[in-house]
file input-v3.cif (mmCIF, C-alpha atoms and all ligand atoms)
data_final
#
loop_
_atom_site.group_PDB
_atom_site.id
_atom_site.type_symbol
_atom_site.label_atom_id
_atom_site.label_comp_id
_atom_site.auth_asym_id
_atom_site.auth_seq_id
_atom_site.Cartn_x
_atom_site.Cartn_y
_atom_site.Cartn_z
ATOM 1 C CA MET A 1 -15.142 -2.836 -0.320
ATOM 2 C CA ASP A 2 -18.068 -4.905 0.870
ATOM 3 C CA PHE A 3 -16.667 -7.945 2.636
ATOM 4 C CA ILE A 4 -18.690 -11.134 2.470
ATOM 5 C CA ILE A 5 -17.375 -13.248 5.319
ATOM 6 C CA HIS A 6 -17.588 -17.050 5.311
ATOM 7 C CA ARG A 7 -16.662 -18.507 8.707
ATOM 8 C CA HIS A 8 -15.635 -22.080 9.273
ATOM 9 C CA LYS A 9 -14.887 -23.694 12.589
ATOM 10 C CA SER A 10 -12.302 -25.882 10.898
ATOM 11 C CA THR A 11 -11.067 -26.335 7.348
ATOM 12 C CA THR A 12 -8.062 -27.751 5.524
ATOM 13 C CA SER A 13 -6.742 -24.407 4.258
ATOM 14 C CA THR A 14 -8.643 -21.154 3.795
ATOM 15 C CA ASN A 15 -6.568 -20.585 0.635
ATOM 16 C CA ASP A 16 -7.697 -23.894 -0.853
ATOM 17 C CA LEU A 17 -11.304 -23.079 -0.030
ATOM 18 C CA ALA A 18 -11.009 -19.557 -1.450
ATOM 19 C CA ILE A 19 -9.350 -20.801 -4.663
ATOM 20 C CA ARG A 20 -12.287 -23.135 -5.204
ATOM 21 C CA MET A 21 -14.780 -20.342 -4.478
ATOM 22 C CA ALA A 22 -12.946 -17.946 -6.826
ATOM 23 C CA GLU A 23 -13.061 -20.556 -9.596
ATOM 24 C CA GLU A 24 -16.799 -20.825 -9.008
ATOM 25 C CA GLY A 25 -17.153 -17.059 -9.411
ATOM 26 C CA ALA A 26 -17.066 -15.698 -5.831
ATOM 27 C CA PRO A 27 -16.878 -11.900 -5.998
ATOM 28 C CA GLU A 28 -14.109 -9.576 -4.870
ATOM 29 C CA GLY A 29 -14.380 -9.033 -1.130
ATOM 30 C CA THR A 30 -15.183 -12.666 -0.348
ATOM 31 C CA VAL A 31 -13.361 -13.589 2.856
ATOM 32 C CA VAL A 32 -12.828 -17.071 4.263
ATOM 33 C CA ILE A 33 -11.931 -17.290 7.948
ATOM 34 C CA ALA A 34 -11.298 -20.524 9.816
ATOM 35 C CA GLY A 35 -11.001 -21.188 13.533
ATOM 36 C CA GLU A 36 -8.402 -23.827 12.730
ATOM 37 C CA GLN A 37 -6.725 -25.256 9.636
ATOM 38 C CA THR A 38 -5.824 -28.897 9.354
ATOM 39 C CA ALA A 39 -3.601 -28.385 6.284
ATOM 40 C CA GLY A 40 -2.599 -24.708 6.472
ATOM 41 C CA ARG A 41 -0.048 -23.840 3.805
ATOM 42 C CA GLY A 42 2.919 -21.499 3.994
ATOM 43 C CA ARG A 43 5.302 -20.231 1.333
ATOM 44 C CA HIS A 44 7.913 -22.508 -0.251
ATOM 45 C CA GLY A 45 5.686 -25.561 0.221
ATOM 46 C CA ARG A 46 5.855 -25.371 4.003
ATOM 47 C CA SER A 47 2.921 -25.975 6.294
ATOM 48 C CA TRP A 48 1.399 -23.278 8.509
ATOM 49 C CA ILE A 49 0.545 -24.650 11.894
ATOM 50 C CA SER A 50 -2.978 -23.468 12.636
ATOM 51 C CA PRO A 51 -4.384 -24.706 15.954
ATOM 52 C CA PRO A 52 -7.757 -23.406 17.189
ATOM 53 C CA GLY A 53 -7.797 -20.180 19.176
ATOM 54 C CA SER A 54 -4.205 -19.189 18.563
ATOM 55 C CA GLY A 55 -4.209 -17.492 15.228
ATOM 56 C CA LEU A 56 -6.099 -15.573 12.602
ATOM 57 C CA TYR A 57 -6.389 -17.685 9.446
ATOM 58 C CA LEU A 58 -7.969 -15.594 6.737
ATOM 59 C CA THR A 59 -8.100 -15.546 2.947
ATOM 60 C CA LEU A 60 -9.498 -12.733 0.836
ATOM 61 C CA ILE A 61 -10.490 -12.943 -2.816
ATOM 62 C CA LEU A 62 -9.586 -9.895 -4.914
ATOM 63 C CA ARG A 63 -10.243 -9.265 -8.581
ATOM 64 C CA PRO A 64 -7.952 -6.324 -9.357
ATOM 65 C CA VAL A 65 -8.295 -4.859 -12.828
ATOM 66 C CA LYS A 66 -4.544 -4.909 -13.422
ATOM 67 C CA PRO A 67 -2.195 -6.532 -15.930
ATOM 68 C CA PHE A 68 -1.156 -10.049 -14.913
ATOM 69 C CA ASN A 69 2.485 -9.002 -14.579
ATOM 70 C CA GLU A 70 1.572 -6.475 -11.861
ATOM 71 C CA LEU A 71 -0.326 -8.852 -9.596
ATOM 72 C CA TRP A 72 2.780 -9.379 -7.405
ATOM 73 C CA GLN A 73 2.056 -5.866 -6.094
ATOM 74 C CA ILE A 74 -0.924 -7.234 -4.158
ATOM 75 C CA ALA A 75 1.424 -8.992 -1.723
ATOM 76 C CA PHE A 76 2.934 -5.603 -0.872
ATOM 77 C CA VAL A 77 -0.513 -4.046 -0.401
ATOM 78 C CA ALA A 78 -1.585 -6.889 1.882
ATOM 79 C CA SER A 79 1.636 -7.167 3.913
ATOM 80 C CA LEU A 80 1.524 -3.419 4.519
ATOM 81 C CA ALA A 81 -2.069 -3.757 5.766
ATOM 82 C CA ALA A 82 -1.171 -6.757 7.943
ATOM 83 C CA ALA A 83 1.733 -4.889 9.560
ATOM 84 C CA GLU A 84 -0.503 -1.894 10.213
ATOM 85 C CA ALA A 85 -3.161 -4.112 11.795
ATOM 86 C CA VAL A 86 -0.643 -5.882 14.046
ATOM 87 C CA GLN A 87 0.757 -2.523 15.084
ATOM 88 C CA ARG A 88 -2.671 -1.059 15.867
ATOM 89 C CA VAL A 89 -3.772 -4.037 17.928
ATOM 90 C CA SER A 90 -0.516 -4.496 19.831
ATOM 91 C CA GLY A 91 0.661 -0.916 20.168
ATOM 92 C CA LEU A 92 4.110 -2.313 19.294
ATOM 93 C CA GLN A 93 6.225 -1.371 16.301
ATOM 94 C CA ALA A 94 5.552 -3.928 13.571
ATOM 95 C CA ARG A 95 7.990 -4.453 10.716
ATOM 96 C CA ILE A 96 8.015 -6.264 7.404
ATOM 97 C CA LYS A 97 10.809 -8.574 6.340
ATOM 98 C CA TRP A 98 11.035 -8.757 2.548
ATOM 99 C CA PRO A 99 9.030 -9.902 0.785
ATOM 100 C CA ASN A 100 6.076 -10.141 3.149
ATOM 101 C CA ASP A 101 6.748 -11.508 6.614
ATOM 102 C CA VAL A 102 5.240 -9.450 9.411
ATOM 103 C CA MET A 103 7.640 -9.093 12.334
ATOM 104 C CA LEU A 104 7.556 -8.024 15.972
ATOM 105 C CA ASN A 105 10.892 -7.586 17.748
ATOM 106 C CA ASP A 106 12.686 -9.282 14.834
ATOM 107 C CA ARG A 107 10.555 -12.429 15.026
ATOM 108 C CA LYS A 108 7.915 -13.514 12.563
ATOM 109 C CA VAL A 109 4.366 -12.905 13.774
ATOM 110 C CA GLY A 110 2.539 -13.267 10.468
ATOM 111 C CA GLY A 111 2.904 -14.436 6.905
ATOM 112 C CA LEU A 112 1.173 -14.166 3.575
ATOM 113 C CA LEU A 113 0.520 -16.681 0.837
ATOM 114 C CA VAL A 114 -0.771 -14.855 -2.230
ATOM 115 C CA GLU A 115 -1.882 -17.012 -5.128
ATOM 116 C CA ALA A 116 -3.180 -15.850 -8.515
ATOM 117 C CA GLY A 117 -5.493 -17.756 -10.801
ATOM 118 C CA ALA A 118 -4.488 -18.919 -14.258
ATOM 119 C CA HIS A 119 -3.412 -16.234 -16.728
ATOM 120 C CA ALA A 120 -6.231 -15.643 -19.201
ATOM 121 C CA GLU A 121 -6.064 -12.912 -21.865
ATOM 122 C CA ASP A 122 -8.569 -10.073 -21.402
ATOM 123 C CA SER A 123 -10.039 -11.331 -18.183
ATOM 124 C CA VAL A 124 -9.603 -10.290 -14.593
ATOM 125 C CA VAL A 125 -7.584 -12.906 -12.766
ATOM 126 C CA PRO A 126 -8.682 -13.614 -9.202
ATOM 127 C CA VAL A 127 -6.020 -13.179 -6.564
ATOM 128 C CA VAL A 128 -6.325 -15.121 -3.352
ATOM 129 C CA VAL A 129 -4.627 -13.413 -0.412
ATOM 130 C CA GLY A 130 -4.000 -15.753 2.509
ATOM 131 C CA ILE A 131 -2.909 -14.159 5.756
ATOM 132 C CA GLY A 132 -1.905 -15.990 8.905
ATOM 133 C CA ILE A 133 -1.204 -14.072 12.104
ATOM 134 C CA ASN A 134 0.041 -15.655 15.317
ATOM 135 C CA VAL A 135 -2.198 -13.950 17.833
ATOM 136 C CA ASN A 136 -2.337 -16.001 21.039
ATOM 137 C CA THR A 137 0.142 -18.775 20.262
ATOM 138 C CA SER A 138 2.109 -19.525 23.418
ATOM 139 C CA ARG A 139 4.575 -22.133 22.073
ATOM 140 C CA PHE A 140 6.106 -22.940 18.719
ATOM 141 C CA PRO A 141 7.756 -26.132 17.466
ATOM 142 C CA ARG A 142 11.476 -26.237 18.262
ATOM 143 C CA GLU A 143 12.545 -25.715 14.618
ATOM 144 C CA ILE A 144 10.945 -22.256 14.482
ATOM 145 C CA ALA A 145 10.830 -21.299 18.175
ATOM 146 C CA GLU A 146 13.715 -18.828 17.905
ATOM 147 C CA ARG A 147 12.342 -17.068 14.852
ATOM 148 C CA ALA A 148 8.587 -17.014 15.558
ATOM 149 C CA THR A 149 6.443 -15.075 17.955
ATOM 150 C CA SER A 150 2.829 -14.122 18.597
ATOM 151 C CA ILE A 151 1.214 -10.843 19.535
ATOM 152 C CA ALA A 152 0.364 -12.300 22.967
ATOM 153 C CA LEU A 153 3.936 -13.441 23.607
ATOM 154 C CA GLU A 154 5.238 -9.947 22.830
ATOM 155 C CA LEU A 155 2.515 -8.185 24.812
ATOM 156 C CA GLY A 156 2.330 -10.569 27.745
ATOM 157 C CA ARG A 157 -1.452 -10.882 27.481
ATOM 158 C CA PRO A 158 -3.974 -12.490 25.121
ATOM 159 C CA VAL A 159 -5.632 -10.487 22.377
ATOM 160 C CA PRO A 160 -9.199 -11.098 21.099
ATOM 161 C CA LEU A 161 -9.056 -12.627 17.614
ATOM 162 C CA GLN A 162 -11.898 -10.399 16.467
ATOM 163 C CA ASP A 163 -9.804 -7.287 17.217
ATOM 164 C CA ILE A 164 -7.064 -8.282 14.807
ATOM 165 C CA GLU A 165 -9.619 -9.476 12.262
ATOM 166 C CA ARG A 166 -11.384 -6.099 12.292
ATOM 167 C CA GLU A 167 -8.158 -4.081 12.101
ATOM 168 C CA LEU A 168 -6.854 -6.278 9.297
ATOM 169 C CA LEU A 169 -9.976 -5.949 7.155
ATOM 170 C CA ASP A 170 -10.086 -2.176 7.779
ATOM 171 C CA ALA A 171 -6.442 -1.807 6.806
ATOM 172 C CA ILE A 172 -6.819 -3.960 3.677
ATOM 173 C CA ASP A 173 -9.875 -1.982 2.647
ATOM 174 C CA ALA A 174 -8.008 1.318 2.956
ATOM 175 C CA ARG A 175 -4.731 0.166 1.381
ATOM 176 C CA TYR A 176 -6.360 -1.663 -1.534
ATOM 177 C CA ALA A 177 -8.550 1.354 -2.330
ATOM 178 C CA GLY A 178 -5.441 3.577 -2.203
ATOM 179 C CA TYR A 179 -3.580 1.190 -4.502
ATOM 180 C CA LEU A 180 -6.371 1.174 -7.098
ATOM 181 C CA ARG A 181 -6.700 4.967 -6.883
ATOM 182 C CA GLU A 182 -3.067 6.075 -6.737
ATOM 183 C CA GLY A 183 -1.064 3.120 -8.003
ATOM 184 C CA PHE A 184 1.830 1.121 -6.605
ATOM 185 C CA PRO A 185 4.464 3.815 -5.829
ATOM 186 C CA ALA A 186 2.461 5.132 -2.851
ATOM 187 C CA VAL A 187 2.052 1.582 -1.510
ATOM 188 C CA LEU A 188 5.760 0.855 -1.864
ATOM 189 C CA SER A 189 6.715 4.049 -0.125
ATOM 190 C CA ALA A 190 4.430 3.258 2.863
ATOM 191 C CA TRP A 191 5.697 -0.361 2.807
ATOM 192 C CA LYS A 192 9.289 0.909 3.042
ATOM 193 C CA GLY A 193 8.319 2.673 6.266
ATOM 194 C CA PHE A 194 7.818 -0.806 7.805
ATOM 195 C CA ASP A 195 10.723 -2.579 6.116
ATOM 196 C CA CYS A 196 13.370 -4.102 8.371
ATOM 197 C CA THR A 197 15.445 -5.676 5.598
ATOM 198 C CA VAL A 198 17.363 -2.844 3.945
ATOM 199 C CA GLY A 199 20.612 -2.065 5.704
ATOM 200 C CA ARG A 200 20.913 -5.558 7.208
ATOM 201 C CA ARG A 201 23.165 -8.453 6.259
ATOM 202 C CA VAL A 202 21.099 -11.004 4.412
ATOM 203 C CA SER A 203 21.637 -14.490 3.214
ATOM 204 C CA VAL A 204 19.190 -15.576 0.609
ATOM 205 C CA HIS A 205 18.242 -18.975 -0.691
ATOM 206 C CA SER A 206 16.516 -18.028 -3.878
ATOM 207 C CA SER A 207 15.539 -19.378 -7.239
ATOM 208 C CA GLU A 208 18.552 -17.454 -8.596
ATOM 209 C CA GLY A 209 20.896 -19.303 -6.244
ATOM 210 C CA ASP A 210 22.363 -18.436 -2.844
ATOM 211 C CA VAL A 211 23.409 -14.846 -2.190
ATOM 212 C CA GLU A 212 25.204 -13.349 0.817
ATOM 213 C CA GLY A 213 25.446 -9.611 1.174
ATOM 214 C CA VAL A 214 23.900 -6.458 2.516
ATOM 215 C CA ALA A 215 20.353 -5.532 1.504
ATOM 216 C CA VAL A 216 20.572 -2.115 -0.136
ATOM 217 C CA GLU A 217 17.171 -1.524 -1.687
ATOM 218 C CA VAL A 218 13.718 -2.826 -2.536
ATOM 219 C CA SER A 219 13.289 -1.831 -6.174
ATOM 220 C CA SER A 220 10.178 -0.436 -7.848
ATOM 221 C CA GLU A 221 9.648 -3.961 -9.238
ATOM 222 C CA GLY A 222 9.541 -5.321 -5.694
ATOM 223 C CA ASN A 223 12.918 -7.051 -5.942
ATOM 224 C CA LEU A 224 15.392 -7.085 -3.111
ATOM 225 C CA VAL A 225 18.759 -5.712 -4.187
ATOM 226 C CA ALA A 226 21.683 -7.095 -2.211
ATOM 227 C CA GLU A 227 25.291 -6.010 -2.485
ATOM 228 C CA ARG A 228 27.775 -8.847 -2.249
ATOM 229 C CA GLU A 229 31.162 -8.499 -0.579
ATOM 230 C CA ASP A 230 32.790 -8.061 -4.032
ATOM 231 C CA GLY A 231 30.598 -5.004 -4.623
ATOM 232 C CA VAL A 232 28.330 -6.657 -7.192
ATOM 233 C CA ARG A 233 24.653 -5.887 -6.754
ATOM 234 C CA VAL A 234 22.226 -8.753 -7.236
ATOM 235 C CA GLY A 235 18.460 -8.462 -7.682
ATOM 236 C CA ILE A 236 16.460 -11.159 -5.934
ATOM 237 C CA THR A 237 12.933 -11.758 -7.162
ATOM 238 C CA ALA A 238 11.795 -14.463 -4.756
ATOM 239 C CA GLY A 239 13.165 -16.490 -1.940
ATOM 240 C CA GLU A 240 13.585 -16.874 1.766
ATOM 241 C CA ILE A 241 16.026 -14.518 3.424
ATOM 242 C CA ILE A 242 17.817 -14.888 6.697
ATOM 243 C CA LEU A 243 18.550 -11.579 8.398
ATOM 244 C CA GLY A 244 21.854 -10.834 10.057
ATOM 245 C CA ASP A 245 22.961 -7.682 11.877
HETATM 246 C C1 LIG B 301 4.210 -17.899 5.047
HETATM 247 O O1 LIG B 301 4.813 -18.958 4.799
HETATM 248 O O2 LIG B 301 4.771 -16.977 5.625
HETATM 249 C C2 LIG B 301 2.782 -17.718 4.609
HETATM 250 C C3 LIG B 301 1.801 -18.231 5.621
HETATM 251 C C4 LIG B 301 0.367 -18.030 5.182
HETATM 252 C C5 LIG B 301 -0.600 -18.687 6.128
HETATM 253 C C6 LIG B 301 -2.025 -18.325 5.807
HETATM 254 S S1 LIG B 301 -3.158 -18.835 7.078
HETATM 255 C C7 LIG B 301 -4.500 -18.448 6.054
HETATM 256 C C8 LIG B 301 -4.130 -18.906 4.655
HETATM 257 N N1 LIG B 301 -4.447 -20.303 4.453
HETATM 258 C C9 LIG B 301 -3.357 -21.044 4.257
HETATM 259 O O3 LIG B 301 -3.357 -22.285 4.075
HETATM 260 N N2 LIG B 301 -2.252 -20.277 4.302
HETATM 261 C C10 LIG B 301 -2.593 -18.881 4.517
#

call {"tool": "encode", "arguments": {"input": "input-v3.cif", "output": "structure tokens"}}
result
Amino acid sequence: MDFIIHRHKSTTSTNDLAIRMAEEGAPEGTVVIAGEQTAGRGRHGRSWISPPGSGLYLTLILRPVKPFNELWQIAFVASLAAAEAVQRVSGLQARIKWPNDVMLNDRKVGGLLVEAGAHAEDSVVPVVVGIGINVNTSRFPREIAERATSIALELGRPVPLQDIERELLDAIDARYAGYLREGFPAVLSAWKGFDCTVGRRVSVHSSEGDVEGVAVEVSSEGNLVAEREDGVRVGITAGEIILGD
């Protein structure tokens, strides 16, 4: 893919900028990178703290020729690529917590906010893939301090932002091409190699309600299957999970 990179010293949110650019017809491969975000957005309506110098704040526009009901697969493609990039840059084992949190040593080092355009019959819907990676962050707000980390905190030394940017774009390029060529099963199987969710106790606050159990599988539809204490298996399509042992 030919990346067309738009760099901003500061912006509100690279996703917001990219959504606007996609609506105006920006091609696949358009990348927005900001040195800082003043209104960075996370999943579930949260904010993503994005001070200058500490993180990679990047959004990529894709225009996959895929049915609308398969676009969720892009988050798996991109989280796989993000985990690979973090692993290559740090030399540490990266993991993915379902659905798409990138983890180092059981703490969140990166997150994805994937947003699709409006569903229009017979047209290719743009998908905006926002990726935030904590690269050189040295402190986190108290509410997330126990669950968050950065590559630098885990490594004990700073990492050049351009290193993670290059590895991330390389990995996305390779994984997205593989996805278009071979389909989703190959992506999911590589993704499972990074998964740290299955086999663990999970408690889930999801749109389907609260579930406590053991994660037993990520299905071919990308759902997390958890087995409750009473033996009933529940499929979870979206939500925030808390990992136990
Ligand atoms: C999450 O909650 O885990 C997702 C975080 C996504 C943050 C990235 S930073 C670049 C892009 N722009 C945003 O406003 N959010 C995403």

call {"tool": "residues_around", "arguments": {"input": "input-v3.cif", "residues": "segment 123-132 of chain A", "least_positions_apart": "3", "cutoff": "7 Å", "atoms": "only C-alpha atoms", "output": "number ranges by chain"}}
result
A: 15, 18-19, 22, 55-65, 110-120

call {"tool": "write_last_selection", "arguments": {"input": "input-v3.cif", "atoms": "C-alpha atoms", "output": "PDB file, keeping the file's coordinate frame"}}
result
ATOM      1  CA  ASN A  15      -6.568 -20.585   0.635  1.00  0.00           C
ATOM      2  CA  ALA A  18     -11.009 -19.557  -1.450  1.00  0.00           C
ATOM      3  CA  ILE A  19      -9.350 -20.801  -4.663  1.00  0.00           C
ATOM      4  CA  ALA A  22     -12.946 -17.946  -6.826  1.00  0.00           C
ATOM      5  CA  GLY A  55      -4.209 -17.492  15.228  1.00  0.00           C
ATOM      6  CA  LEU A  56      -6.099 -15.573  12.602  1.00  0.00           C
ATOM      7  CA  TYR A  57      -6.389 -17.685   9.446  1.00  0.00           C
ATOM      8  CA  LEU A  58      -7.969 -15.594   6.737  1.00  0.00           C
ATOM      9  CA  THR A  59      -8.100 -15.546   2.947  1.00  0.00           C
ATOM     10  CA  LEU A  60      -9.498 -12.733   0.836  1.00  0.00           C
ATOM     11  CA  ILE A  61     -10.490 -12.943  -2.816  1.00  0.00           C
ATOM     12  CA  LEU A  62      -9.586  -9.895  -4.914  1.00  0.00           C
ATOM     13  CA  ARG A  63     -10.243  -9.265  -8.581  1.00  0.00           C
ATOM     14  CA  PRO A  64      -7.952  -6.324  -9.357  1.00  0.00           C
ATOM     15  CA  VAL A  65      -8.295  -4.859 -12.828  1.00  0.00           C
ATOM     16  CA  GLY A 110       2.539 -13.267  10.468  1.00  0.00           C
ATOM     17  CA  GLY A 111       2.904 -14.436   6.905  1.00  0.00           C
ATOM     18  CA  LEU A 112       1.173 -14.166   3.575  1.00  0.00           C
ATOM     19  CA  LEU A 113       0.520 -16.681   0.837  1.00  0.00           C
ATOM     20  CA  VAL A 114      -0.771 -14.855  -2.230  1.00  0.00           C
ATOM     21  CA  GLU A 115      -1.882 -17.012  -5.128  1.00  0.00           C
ATOM     22  CA  ALA A 116      -3.180 -15.850  -8.515  1.00  0.00           C
ATOM     23  CA  GLY A 117      -5.493 -17.756 -10.801  1.00  0.00           C
ATOM     24  CA  ALA A 118      -4.488 -18.919 -14.258  1.00  0.00           C
ATOM     25  CA  HIS A 119      -3.412 -16.234 -16.728  1.00  0.00           C
ATOM     26  CA  ALA A 120      -6.231 -15.643 -19.201  1.00  0.00           C
TER      27      ALA A 120
END

call {"tool": "resolve_selection", "arguments": {"input": "input-v3.cif", "expression": "the PyMOL selection byres (((chain A and resi 105) around 8) and not hetatm)", "output": "list in words"}}
result
Gln93, Ala94, Met103, Leu104, Asp106, Arg107 and Glu154 of chain A

call {"tool": "atom_distance", "arguments": {"input": "input-v3.cif", "atom1": "atom CA of Asn100 of chain A", "atom2": "atom CA of Gly178 of chain A"}}
result
18.7 Å

call {"tool": "resolve_selection", "arguments": {"input": "input-v3.cif", "expression": "the PyMOL selection byres (((chain A and resi 44) around 12) and not hetatm)", "output": "ChimeraX atom specification"}}
result
/A:41-43,45-48,111-114,205-207,238-241

call {"tool": "atom_distance", "arguments": {"input": "input-v3.cif", "atom1": "atom CA of Met1 of chain A", "atom2": "atom CA of Tyr176 of chain A"}}
result
8.9 Å

call {"tool": "closest_residue", "arguments": {"input": "input-v3.cif", "among": "A:Ala152, A:Ala215, A:Leu17, A:Ile236", "to": "ligand LIG 301 (chain B)", "atoms": "only C-alpha atoms and all ligand atoms"}}
result
A:Leu17

call {"tool": "closest_residue", "arguments": {"input": "input-v3.cif", "among": "A:Gly235, A:Ile151, A:Val204, A:Ala171", "to": "Ala78 of chain A", "atoms": "all atoms listed in the file"}}
result
A:Ala171

call {"tool": "closest_residue", "arguments": {"input": "input-v3.cif", "among": "A:Lys9, A:Arg201, A:Lys66, A:Arg88", "to": "Pro52 of chain A", "atoms": "all atoms listed in the file"}}
result
A:Lys9

call {"tool": "closest_residue", "arguments": {"input": "input-v3.cif", "among": "A:Leu224, A:Ile4, A:Leu243, A:Ile49", "to": "Glu28 of chain A", "atoms": "only C-alpha atoms"}}
result
A:Ile4

call {"tool": "closest_residue", "arguments": {"input": "input-v3.cif", "among": "A:Arg95, A:Arg181, A:His8, A:Arg20", "to": "Cys196 of chain A", "atoms": "all atoms listed in the file"}}
result
A:Arg95

call {"tool": "axis_aligned_box", "arguments": {"input": "input-v3.cif", "around": "ligand LIG 301 (chain B)", "padding_each_side": "4 Å", "output": "lines of an AutoDock Vina configuration file"}}
result
center_x = 0.2
center_y = -19.6
center_z = 5.6
size_x = 17.3
size_y = 13.3
size_z = 11.0

call {"tool": "residues_around", "arguments": {"input": "input-v3.cif", "residues": "Glu229 of chain A", "least_positions_apart": "2", "cutoff": "12 Å", "atoms": "all atoms listed in the file", "output": "PyMOL selection string"}}
result
chain A and resi 201-203+211-215+226-227+231-234

call {"tool": "residues_near_point", "arguments": {"input": "input-v3.cif", "point": "(11.6, 0.1, -2.6)", "cutoff": "7 Å", "atoms": "all atoms listed in the file", "output": "list in words"}}
result
Leu188, Ser189, Lys192, Glu217, Val218, Ser219, Ser220 and Gly222 of chain A

call {"tool": "write_last_selection", "arguments": {"input": "input-v3.cif", "atoms": "C-alpha atoms", "output": "PDB file, in the coordinates of the input"}}
result
ATOM      1  CA  LEU A 188       5.760   0.855  -1.864  1.00  0.00           C
ATOM      2  CA  SER A 189       6.715   4.049  -0.125  1.00  0.00           C
ATOM      3  CA  LYS A 192       9.289   0.909   3.042  1.00  0.00           C
ATOM      4  CA  GLU A 217      17.171  -1.524  -1.687  1.00  0.00           C
ATOM      5  CA  VAL A 218      13.718  -2.826  -2.536  1.00  0.00           C
ATOM      6  CA  SER A 219      13.289  -1.831  -6.174  1.00  0.00           C
ATOM      7  CA  SER A 220      10.178  -0.436  -7.848  1.00  0.00           C
ATOM      8  CA  GLY A 222       9.541  -5.321  -5.694  1.00  0.00           C
TER       9      GLY A 222
END

call {"tool": "atom_distance", "arguments": {"input": "input-v3.cif", "atom1": "atom CA of Val31 of chain A", "atom2": "atom CA of Asp2 of chain A"}}
result
10.1 Å

call {"tool": "resolve_selection", "arguments": {"input": "input-v3.cif", "expression": "the PyMOL selection byres (((chain A and resi 76) around 9) and not hetatm)", "output": "PyMOL selection string"}}
result
chain A and resi 72-75+77-81+99-100+184+187-188+191+222

call {"tool": "closest_residue", "arguments": {"input": "input-v3.cif", "among": "A:Glu165, A:Asp230, A:Asp210, A:Asp101", "to": "Ile5 of chain A", "atoms": "only C-alpha atoms"}}
result
A:Glu165

call {"tool": "residues_around", "arguments": {"input": "input-v3.cif", "residues": "Ala148 of chain A", "least_positions_apart": "5", "cutoff": "8 Å", "atoms": "only C-alpha atoms", "output": "PyMOL selection string"}}
result
chain A and resi 107-109+140

call {"tool": "residues_near_point", "arguments": {"input": "input-v3.cif", "point": "(-7.3, -26.6, 6.6)", "cutoff": "8 Å", "atoms": "only C-alpha atoms", "output": "CSV table (one decimal) with C-alpha atoms, in the coordinates of the input"}}
result
chain,number,residue,atom,x,y,z
A,10,SER,CA,-12.3,-25.9,10.9
A,11,THR,CA,-11.1,-26.3,7.3
A,12,THR,CA,-8.1,-27.8,5.5
A,13,SER,CA,-6.7,-24.4,4.3
A,14,THR,CA,-8.6,-21.2,3.8
A,16,ASP,CA,-7.7,-23.9,-0.9
A,34,ALA,CA,-11.3,-20.5,9.8
A,36,GLU,CA,-8.4,-23.8,12.7
A,37,GLN,CA,-6.7,-25.3,9.6
A,38,THR,CA,-5.8,-28.9,9.4
A,39,ALA,CA,-3.6,-28.4,6.3
A,40,GLY,CA,-2.6,-24.7,6.5

call {"tool": "build_atoms", "arguments": {"input": "input-v3.cif", "residues": "segment 19-27 of chain A", "atoms": "N, CA, C and O atoms", "output": "short mmCIF file (atom, residue, chain, number, x, y, z; two decimals), in the frame of the given file"}}
result
data_model
loop_
_atom_site.label_atom_id
_atom_site.label_comp_id
_atom_site.auth_asym_id
_atom_site.auth_seq_id
_atom_site.Cartn_x
_atom_site.Cartn_y
_atom_site.Cartn_z
N ILE A 19 -9.68 -20.55 -3.25
CA ILE A 19 -9.35 -20.80 -4.66
C ILE A 19 -10.55 -21.47 -5.34
O ILE A 19 -10.97 -21.08 -6.42
N ARG A 20 -11.12 -22.44 -4.64
CA ARG A 20 -12.29 -23.14 -5.20
C ARG A 20 -13.44 -22.15 -5.40
O ARG A 20 -14.10 -22.11 -6.43
N MET A 21 -13.67 -21.31 -4.39
CA MET A 21 -14.78 -20.34 -4.48
C MET A 21 -14.53 -19.33 -5.60
O MET A 21 -15.46 -18.94 -6.31
N ALA A 22 -13.27 -18.91 -5.75
CA ALA A 22 -12.95 -17.95 -6.83
C ALA A 22 -13.21 -18.58 -8.19
O ALA A 22 -13.75 -17.95 -9.09
N GLU A 23 -12.82 -19.85 -8.32
CA GLU A 23 -13.06 -20.56 -9.60
C GLU A 23 -14.55 -20.66 -9.89
O GLU A 23 -14.97 -20.66 -11.04
N GLU A 24 -15.34 -20.73 -8.82
CA GLU A 24 -16.80 -20.82 -9.01
C GLU A 24 -17.45 -19.45 -9.13
O GLU A 24 -18.68 -19.33 -9.12
N GLY A 25 -16.63 -18.39 -9.13
CA GLY A 25 -17.15 -17.06 -9.41
C GLY A 25 -17.38 -16.17 -8.20
O GLY A 25 -18.02 -15.12 -8.32
N ALA A 26 -16.87 -16.54 -7.02
CA ALA A 26 -17.07 -15.70 -5.83
C ALA A 26 -16.54 -14.29 -6.10
O ALA A 26 -15.48 -14.13 -6.71
N PRO A 27 -17.28 -13.27 -5.67
CA PRO A 27 -16.88 -11.90 -6.00
C PRO A 27 -15.71 -11.39 -5.16
O PRO A 27 -15.38 -11.96 -4.12
#
